[in-house]
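Structure data (TSV, C-alpha atoms) from input-v2.tsv:
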chain	number	residue	atom	x	y	z
A	191	MET	CA	143.10	133.78	-58.72
A	192	THR	CA	141.96	135.57	-55.62
A	193	GLU	CA	139.80	138.64	-55.98
A	194	ARG	CA	142.02	141.66	-56.20
A	195	PRO	CA	140.88	145.24	-55.80
A	196	LEU	CA	140.47	146.96	-59.16
A	197	SER	CA	141.32	150.54	-59.88
A	198	PRO	CA	138.19	152.67	-60.25
A	199	HIS	CA	136.63	152.97	-63.67
A	200	LEU	CA	136.96	156.20	-65.60
A	201	SER	CA	133.29	156.99	-64.96
A	202	VAL	CA	133.96	157.73	-61.32
A	203	TYR	CA	135.99	160.75	-62.31
A	204	ARG	CA	134.29	164.02	-63.06
A	205	MET	CA	135.20	164.36	-66.71
A	206	TYR	CA	133.81	167.86	-66.93
A	207	ARG	CA	136.47	169.04	-64.55
A	208	TYR	CA	139.00	170.61	-66.82
A	209	SER	CA	141.82	169.21	-64.69
A	210	LEU	CA	141.36	165.66	-66.03
A	211	LEU	CA	140.67	166.88	-69.53
A	212	SER	CA	143.96	168.77	-69.48
A	213	SER	CA	145.86	165.57	-68.71
A	214	ILE	CA	144.49	163.59	-71.64
A	215	THR	CA	144.83	166.59	-73.94
A	216	ASN	CA	148.50	166.79	-73.05
A	217	ARG	CA	148.89	163.17	-74.14
A	218	ILE	CA	147.01	163.62	-77.38
A	219	THR	CA	148.90	166.78	-78.31
A	220	GLY	CA	152.12	164.91	-77.54
A	221	LEU	CA	151.16	162.21	-80.01
A	222	VAL	CA	150.28	164.84	-82.60
A	223	LEU	CA	153.72	166.41	-82.13
A	224	SER	CA	155.38	163.01	-82.53
A	225	ALA	CA	153.69	162.81	-85.92
A	226	GLY	CA	154.89	166.36	-86.57
A	227	LEU	CA	158.45	165.17	-85.98
A	228	ILE	CA	158.08	162.90	-89.02
A	229	LEU	CA	156.99	165.89	-91.08
A	230	LEU	CA	159.99	167.91	-89.84
A	231	VAL	CA	162.45	165.15	-90.74
A	232	TYR	CA	160.77	164.66	-94.12
A	233	TRP	CA	161.27	168.36	-94.77
A	234	LEU	CA	164.93	168.24	-93.63
A	235	VAL	CA	165.65	165.22	-95.83
A	236	ALA	CA	164.01	167.04	-98.74
A	237	VAL	CA	166.26	170.06	-98.19
A	238	ALA	CA	169.29	167.77	-98.12
A	239	SER	CA	168.23	166.03	-101.34
A	240	GLY	CA	168.80	169.09	-103.49
A	241	PRO	CA	166.70	171.83	-105.13
A	242	ALA	CA	164.76	169.55	-107.51
A	243	ALA	CA	163.73	167.08	-104.82
A	244	TYR	CA	162.91	169.97	-102.51
A	245	ARG	CA	160.64	171.53	-105.11
A	246	SER	CA	158.58	168.37	-105.47
A	247	ALA	CA	158.51	167.87	-101.69
A	248	ARG	CA	157.23	171.42	-101.34
A	249	GLN	CA	154.38	170.60	-103.67
A	250	VAL	CA	153.44	167.76	-101.35
A	251	LEU	CA	153.92	169.93	-98.25
A	252	SER	CA	151.72	172.72	-99.59
A	253	LEU	CA	148.74	170.48	-100.30
A	254	GLY	CA	145.51	171.95	-99.01
A	255	VAL	CA	144.93	169.08	-96.59
A	256	LEU	CA	148.23	169.77	-94.89
A	257	LYS	CA	147.17	173.35	-94.08
A	258	ALA	CA	144.81	171.85	-91.51
A	259	VAL	CA	147.67	169.66	-90.27
A	260	TYR	CA	149.88	172.73	-89.73
A	261	VAL	CA	147.15	174.45	-87.76
A	262	LEU	CA	146.74	171.26	-85.71
A	263	LEU	CA	150.51	171.11	-85.14
A	264	LEU	CA	150.63	174.75	-84.05
A	265	ALA	CA	147.73	174.11	-81.67
A	266	ALA	CA	149.38	170.95	-80.30
A	267	PHE	CA	152.68	172.81	-79.90
A	268	SER	CA	151.02	175.71	-78.07
A	269	TYR	CA	149.16	173.40	-75.72
A	270	HIS	CA	151.92	170.88	-75.05
A	271	LEU	CA	154.48	173.64	-74.41
A	272	ILE	CA	152.36	175.43	-71.81
A	273	ALA	CA	150.96	172.25	-70.23
A	274	GLY	CA	154.52	170.90	-70.09
A	275	ILE	CA	155.66	173.99	-68.21
A	276	ARG	CA	152.76	173.37	-65.80
A	277	HIS	CA	154.09	169.85	-65.25
A	278	LEU	CA	157.58	171.20	-64.59
A	279	VAL	CA	156.15	173.59	-62.00
A	280	TRP	CA	154.36	170.65	-60.39
A	281	ASP	CA	157.66	168.79	-60.23
A	282	THR	CA	159.02	171.50	-57.96
A	283	GLY	CA	156.18	170.70	-55.57
A	284	HIS	CA	154.15	173.85	-56.24
A	285	GLY	CA	150.54	174.21	-57.36
A	286	LEU	CA	149.46	170.70	-56.46
A	287	GLU	CA	146.43	171.68	-54.35
A	288	ARG	CA	143.16	170.78	-56.02
A	289	SER	CA	141.96	174.37	-56.33
A	290	GLN	CA	145.35	175.47	-57.68
A	291	SER	CA	145.44	172.72	-60.30
A	292	GLN	CA	141.89	173.56	-61.40
A	293	ARG	CA	142.94	177.15	-61.81
A	294	SER	CA	146.19	176.31	-63.62
A	295	ALA	CA	144.30	173.97	-65.95
A	296	TRP	CA	142.17	176.89	-67.07
A	297	LEU	CA	145.23	179.10	-67.25
A	298	VAL	CA	146.95	176.57	-69.53
A	299	GLY	CA	143.86	176.40	-71.77
A	300	ILE	CA	143.61	180.17	-72.11
A	301	ALA	CA	147.35	180.81	-72.45
A	302	SER	CA	147.78	178.13	-75.11
A	303	MET	CA	144.79	179.49	-77.02
A	304	LEU	CA	146.36	182.97	-76.98
A	305	LEU	CA	149.70	181.52	-78.08
A	306	LEU	CA	148.00	179.63	-80.91
A	307	ILE	CA	146.21	182.77	-82.10
A	308	GLY	CA	149.47	184.71	-81.96
A	309	LEU	CA	151.45	182.05	-83.83
A	310	ALA	CA	148.72	181.52	-86.44
A	311	TRP	CA	148.53	185.25	-87.03
A	312	TRP	CA	152.32	185.43	-87.41
A	313	ALA	CA	152.36	182.41	-89.73
A	314	LEU	CA	149.73	184.01	-91.96
A	315	HIS	CA	151.60	187.29	-92.14
A	316	ALA	CA	155.10	185.82	-92.46
A	317	GLY	CA	155.93	186.66	-96.08
A	318	GLY	CA	154.05	184.63	-98.72
A	319	ASN	CA	154.26	181.63	-96.42
A	320	ALA	CA	153.19	177.98	-96.61
A	321	PRO	CA	156.11	175.61	-97.06
B	251	MET	CA	171.52	142.69	-47.87
B	252	THR	CA	172.23	145.16	-45.17
B	253	SER	CA	168.59	145.46	-44.13
B	254	GLY	CA	167.10	143.01	-41.73
B	255	THR	CA	164.64	141.70	-44.31
B	256	ASN	CA	164.75	137.97	-44.67
B	257	PHE	CA	164.64	137.04	-48.35
B	258	ASP	CA	165.37	133.41	-47.87
B	259	ASP	CA	162.23	131.34	-48.38
B	260	ALA	CA	163.66	128.42	-46.43
B	261	LYS	CA	163.98	130.54	-43.30
B	262	ARG	CA	160.35	131.61	-43.31
B	263	PRO	CA	158.18	130.25	-40.60
B	264	ALA	CA	155.99	127.39	-41.75
B	265	GLY	CA	152.66	128.54	-43.11
B	266	ALA	CA	153.99	131.89	-44.29
B	267	ALA	CA	153.38	131.03	-47.95
B	268	GLU	CA	149.77	130.07	-47.29
B	269	ALA	CA	149.17	133.28	-45.42
B	270	HIS	CA	150.00	135.22	-48.60
B	271	ASP	CA	147.11	133.64	-50.48
B	272	GLY	CA	144.49	134.86	-48.09
B	273	PRO	CA	142.09	137.52	-49.33
B	274	GLY	CA	142.96	141.02	-48.32
B	275	ASN	CA	146.67	140.34	-48.40
B	276	LEU	CA	148.16	142.13	-51.39
B	277	ARG	CA	151.68	140.77	-51.00
B	278	SER	CA	152.75	138.36	-53.70
B	279	PRO	CA	154.63	135.23	-52.76
B	280	LEU	CA	158.38	135.59	-53.13
B	281	ALA	CA	158.45	133.10	-56.00
B	282	THR	CA	156.16	135.41	-58.02
B	283	VAL	CA	158.06	138.55	-57.23
B	284	LEU	CA	161.54	137.27	-57.97
B	285	GLY	CA	162.58	138.15	-61.49
B	286	ARG	CA	159.66	140.52	-61.95
B	287	GLY	CA	160.46	143.07	-59.33
B	288	SER	CA	161.99	146.48	-59.66
B	289	ALA	CA	164.58	146.80	-62.38
B	290	LYS	CA	166.05	149.68	-60.36
B	291	GLU	CA	165.61	152.11	-63.23
B	292	GLY	CA	162.04	153.28	-62.76
B	293	VAL	CA	163.09	156.82	-62.04
B	294	ARG	CA	165.25	157.09	-65.15
B	295	HIS	CA	162.31	157.34	-67.55
B	296	TRP	CA	160.78	160.06	-65.44
B	297	TRP	CA	164.04	161.97	-65.08
B	298	VAL	CA	165.00	161.86	-68.76
B	299	GLN	CA	161.49	162.97	-69.66
B	300	ARG	CA	161.93	166.04	-67.43
B	301	LEU	CA	165.43	166.79	-68.77
B	302	THR	CA	164.33	166.57	-72.40
B	303	SER	CA	161.23	168.66	-71.72
B	304	VAL	CA	163.30	171.40	-70.09
B	305	ALA	CA	165.65	171.39	-73.09
B	306	LEU	CA	162.78	171.38	-75.57
B	307	VAL	CA	161.25	174.60	-74.21
B	308	PRO	CA	163.99	176.88	-75.63
B	309	LEU	CA	164.75	174.59	-78.60
B	310	THR	CA	161.19	174.43	-79.93
B	311	VAL	CA	160.53	178.12	-79.30
B	312	TRP	CA	163.77	178.96	-81.14
B	313	PHE	CA	162.75	176.69	-84.05
B	314	VAL	CA	159.24	178.09	-84.46
B	315	VAL	CA	160.47	181.69	-84.22
B	316	SER	CA	163.30	180.98	-86.70
B	317	ILE	CA	161.05	179.29	-89.25
B	318	LEU	CA	158.45	182.04	-89.05
B	319	SER	CA	161.18	184.67	-89.36
B	320	LEU	CA	162.65	183.24	-92.56
B	321	PRO	CA	161.83	185.55	-95.48
B	322	SER	CA	160.89	182.56	-97.61
B	323	LEU	CA	161.07	178.80	-97.50
B	324	ASP	CA	162.70	178.26	-100.89
B	325	HIS	CA	165.72	175.99	-101.18
B	326	ALA	CA	168.36	178.71	-101.29
B	327	THR	CA	167.03	180.48	-98.19
B	328	VAL	CA	166.67	177.29	-96.18
B	329	THR	CA	170.12	175.95	-97.10
B	330	ALA	CA	171.70	179.31	-96.26
B	331	TRP	CA	169.96	179.20	-92.88
B	332	LEU	CA	171.05	175.61	-92.23
B	333	GLY	CA	174.58	176.51	-93.27
B	334	GLN	CA	175.00	178.72	-90.21
B	335	LEU	CA	176.88	176.84	-87.51
B	336	TRP	CA	174.51	177.55	-84.61
B	337	THR	CA	171.46	176.78	-86.69
B	338	ALA	CA	172.84	173.31	-87.39
B	339	VAL	CA	173.84	172.83	-83.75
B	340	PHE	CA	170.44	173.80	-82.36
B	341	LEU	CA	168.57	171.90	-85.04
B	342	ILE	CA	170.52	168.69	-84.39
B	343	LEU	CA	169.87	169.12	-80.67
B	344	LEU	CA	166.19	169.70	-81.41
B	345	VAL	CA	165.83	166.58	-83.55
B	346	LEU	CA	167.68	164.37	-81.06
B	347	THR	CA	165.92	165.73	-77.98
B	348	ALA	CA	162.49	165.70	-79.62
B	349	ALA	CA	162.97	162.12	-80.83
B	350	TRP	CA	164.05	161.03	-77.38
B	351	HIS	CA	161.18	162.85	-75.65
B	352	SER	CA	158.72	161.51	-78.21
B	353	HIS	CA	159.96	157.97	-77.69
B	354	LEU	CA	159.51	158.25	-73.93
B	355	GLY	CA	156.01	159.67	-74.29
B	356	VAL	CA	154.70	157.32	-76.97
B	357	ARG	CA	156.18	154.41	-75.05
B	358	VAL	CA	154.01	155.19	-72.03
B	359	VAL	CA	150.92	155.47	-74.21
B	360	VAL	CA	151.60	152.03	-75.70
B	361	GLU	CA	152.27	150.59	-72.25
B	362	ASP	CA	148.96	152.00	-71.05
B	363	TYR	CA	146.64	151.24	-73.94
B	364	VAL	CA	148.05	148.29	-75.89
B	365	HIS	CA	147.14	145.00	-74.30
B	366	GLY	CA	148.64	141.58	-74.72
B	367	SER	CA	152.33	141.25	-73.96
B	368	GLY	CA	153.22	140.07	-77.49
B	369	MET	CA	151.56	143.01	-79.21
B	370	LYS	CA	152.91	145.42	-76.62
B	371	THR	CA	156.48	144.19	-77.01
B	372	LEU	CA	156.21	144.33	-80.79
B	373	MET	CA	154.84	147.89	-80.73
B	374	LEU	CA	157.52	149.04	-78.29
B	375	ALA	CA	160.27	147.50	-80.42
B	376	LEU	CA	158.89	149.07	-83.63
B	377	LEU	CA	158.58	152.46	-81.94
B	378	THR	CA	162.19	152.27	-80.80
B	379	PHE	CA	163.40	151.43	-84.32
B	380	PHE	CA	161.20	154.13	-85.76
B	381	HIS	CA	162.50	156.83	-83.44
B	382	VAL	CA	166.11	155.87	-84.10
B	383	VAL	CA	165.50	156.06	-87.85
B	384	VAL	CA	163.84	159.48	-87.50
B	385	ALA	CA	166.71	160.79	-85.35
B	386	VAL	CA	169.47	159.48	-87.61
B	387	ALA	CA	167.77	160.67	-90.81
B	388	GLY	CA	167.16	164.10	-89.34
B	389	VAL	CA	170.70	164.57	-88.06
B	390	LEU	CA	172.28	163.30	-91.27
B	391	ALA	CA	170.11	165.58	-93.40
B	392	ILE	CA	171.11	168.61	-91.31
B	393	LEU	CA	174.80	167.67	-91.45
B	394	LYS	CA	174.68	167.13	-95.19
B	395	VAL	CA	173.28	170.62	-95.79
B	396	ALA	CA	175.45	172.24	-93.14
B	397	LEU	CA	178.69	170.71	-94.41
B	398	THR	CA	178.22	171.30	-98.11

What would the structure in this file look like if it were written as structure tokens?
Amino acid sequence: MTERPLSPHLSVYRMYRYSLLSSITNRITGLVLSAGLILLVYWLVAVASGPAAYRSARQVLSLGVLKAVYVLLLAAFSYHLIAGIRHLVWDTGHGLERSQSQRSAWLVGIASMLLLIGLAWWALHAGGNAP
Amino acid sequence: MTSGTNFDDAKRPAGAAEAHDGPGNLRSPLATVLGRGSAKEGVRHWWVQRLTSVALVPLTVWFVVSILSLPSLDHATVTAWLGQLWTAVFLILLVLTAAWHSHLGVRVVVEDYVHGSGMKTLMLALLTFFHVVVAVAGVLAILKVALT
């Protein structure tokens, strides 16, 4: 094997720049949402299995531990949605300059945080609530 | 081939193969490249990922707003909601599009972080099966409620 050039190690990147952080966060939130898809289908199957099965599934779905999971899912949804829109804007060829992408990374962070707060507030105040 | 590129090894000038092995030359010998080159569908993954993401913006927003707007999540309320034609339509689209988008995304993560071709192939195959099961189960559950 001849010596081939290697791609630079992660340490050469400035991790504290939010721009890189936003990329990995988009991936992680995507994985979280993939797990959320299982939860959604579990819920749908429970609905289809009739009132009795649904009642016992609801007991599982309203476990205290899952409250944290729902908050995590809402957070992942908020972030992945806004960061995804940022990617779609990039695909049109806009906002690719370094300064612009730094700015939009912050914008995504702030906007998704606001969206999360809004959604969490709504979820808490949406009648009785918890599945 | 319409281009002027000469793909025929036999027609290469003598010594061409050796020249490829020299340091600083990143071109692989033809024998290595053949059978491992472009499958001519590299852009498809990217394009379908964009299409599904565009579709998922309204679908997911609709779903979250709908769920949070339901007066309660008891069986009667949920089945009545699912019984509406457009609810079932959008929900089926959501499950299918989300499963597809999820498959594309998770696939890339496995390709990036799972090493060893055996393990990677196994993981990719399992993920494909898993996403198909999730999509079929979701759609069938929606149809069952919507059609009864």

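Straight-line separation from atom CA of Thr215 of chain A to atom CA of Tyr363 of chain B: 15.5 Å.
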
_Can you measure atom CA of Leu393 of chain B to atom CA of Ala348 of chain B for me? One decimal in Å is fine._
17.2 Å

*Can you tell me, as an MDAnalysis selection string, what residues are no more than 10 Å from segment 259-276 of chain A when counting only C-alpha atoms, ignoring any on the same chain fewer than 3 positions away?*
(chainID A and resid 212:213 215:227 229 251 254:256 279:281 284:285 291 294:295 297:310 313 320) or (chainID B and resid 300 303:304 306:307 310:311 314)

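Note that the spacing between atom CA of Phe379 of chain B and atom CA of Glu291 of chain B amounts to 21.2 Å.
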
With a cut-off of 8 Å and counting only C-alpha atoms, select all residues of chain B in contact with chain A and give the selection as a short mmCIF file (atom, residue, chain, number, x, y, z; two decimals) with C-alpha atoms, in the frame of the given file.
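Written out: part.cif:
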data_model
loop_
_atom_site.label_atom_id
_atom_site.label_comp_id
_atom_site.auth_asym_id
_atom_site.auth_seq_id
_atom_site.Cartn_x
_atom_site.Cartn_y
_atom_site.Cartn_z
CA ASP B 271 147.11 133.64 -50.48
CA GLY B 272 144.49 134.86 -48.09
CA PRO B 273 142.09 137.52 -49.33
CA GLY B 274 142.96 141.02 -48.32
CA LEU B 276 148.16 142.13 -51.39
CA ARG B 300 161.93 166.04 -67.43
CA SER B 303 161.23 168.66 -71.72
CA VAL B 304 163.30 171.40 -70.09
CA VAL B 307 161.25 174.60 -74.21
CA LEU B 318 158.45 182.04 -89.05
CA SER B 319 161.18 184.67 -89.36
CA LEU B 320 162.65 183.24 -92.56
CA PRO B 321 161.83 185.55 -95.48
CA SER B 322 160.89 182.56 -97.61
CA LEU B 323 161.07 178.80 -97.50
CA HIS B 325 165.72 175.99 -101.18
CA VAL B 328 166.67 177.29 -96.18
CA THR B 329 170.12 175.95 -97.10
CA VAL B 345 165.83 166.58 -83.55
CA ALA B 348 162.49 165.70 -79.62
CA ALA B 349 162.97 162.12 -80.83
CA SER B 352 158.72 161.51 -78.21
CA GLY B 355 156.01 159.67 -74.29
CA VAL B 356 154.70 157.32 -76.97
CA VAL B 359 150.92 155.47 -74.21
CA VAL B 384 163.84 159.48 -87.50
CA ALA B 387 167.77 160.67 -90.81
CA GLY B 388 167.16 164.10 -89.34
CA ALA B 391 170.11 165.58 -93.40
CA ILE B 392 171.11 168.61 -91.31
CA LYS B 394 174.68 167.13 -95.19
CA VAL B 395 173.28 170.62 -95.79
#

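Each of B:Val364, B:Thr347, B:Leu354, B:Leu372 was checked against Arg294 of chain B using only C-alpha atoms; the smallest atom-to-atom distance is that of B:Leu354.
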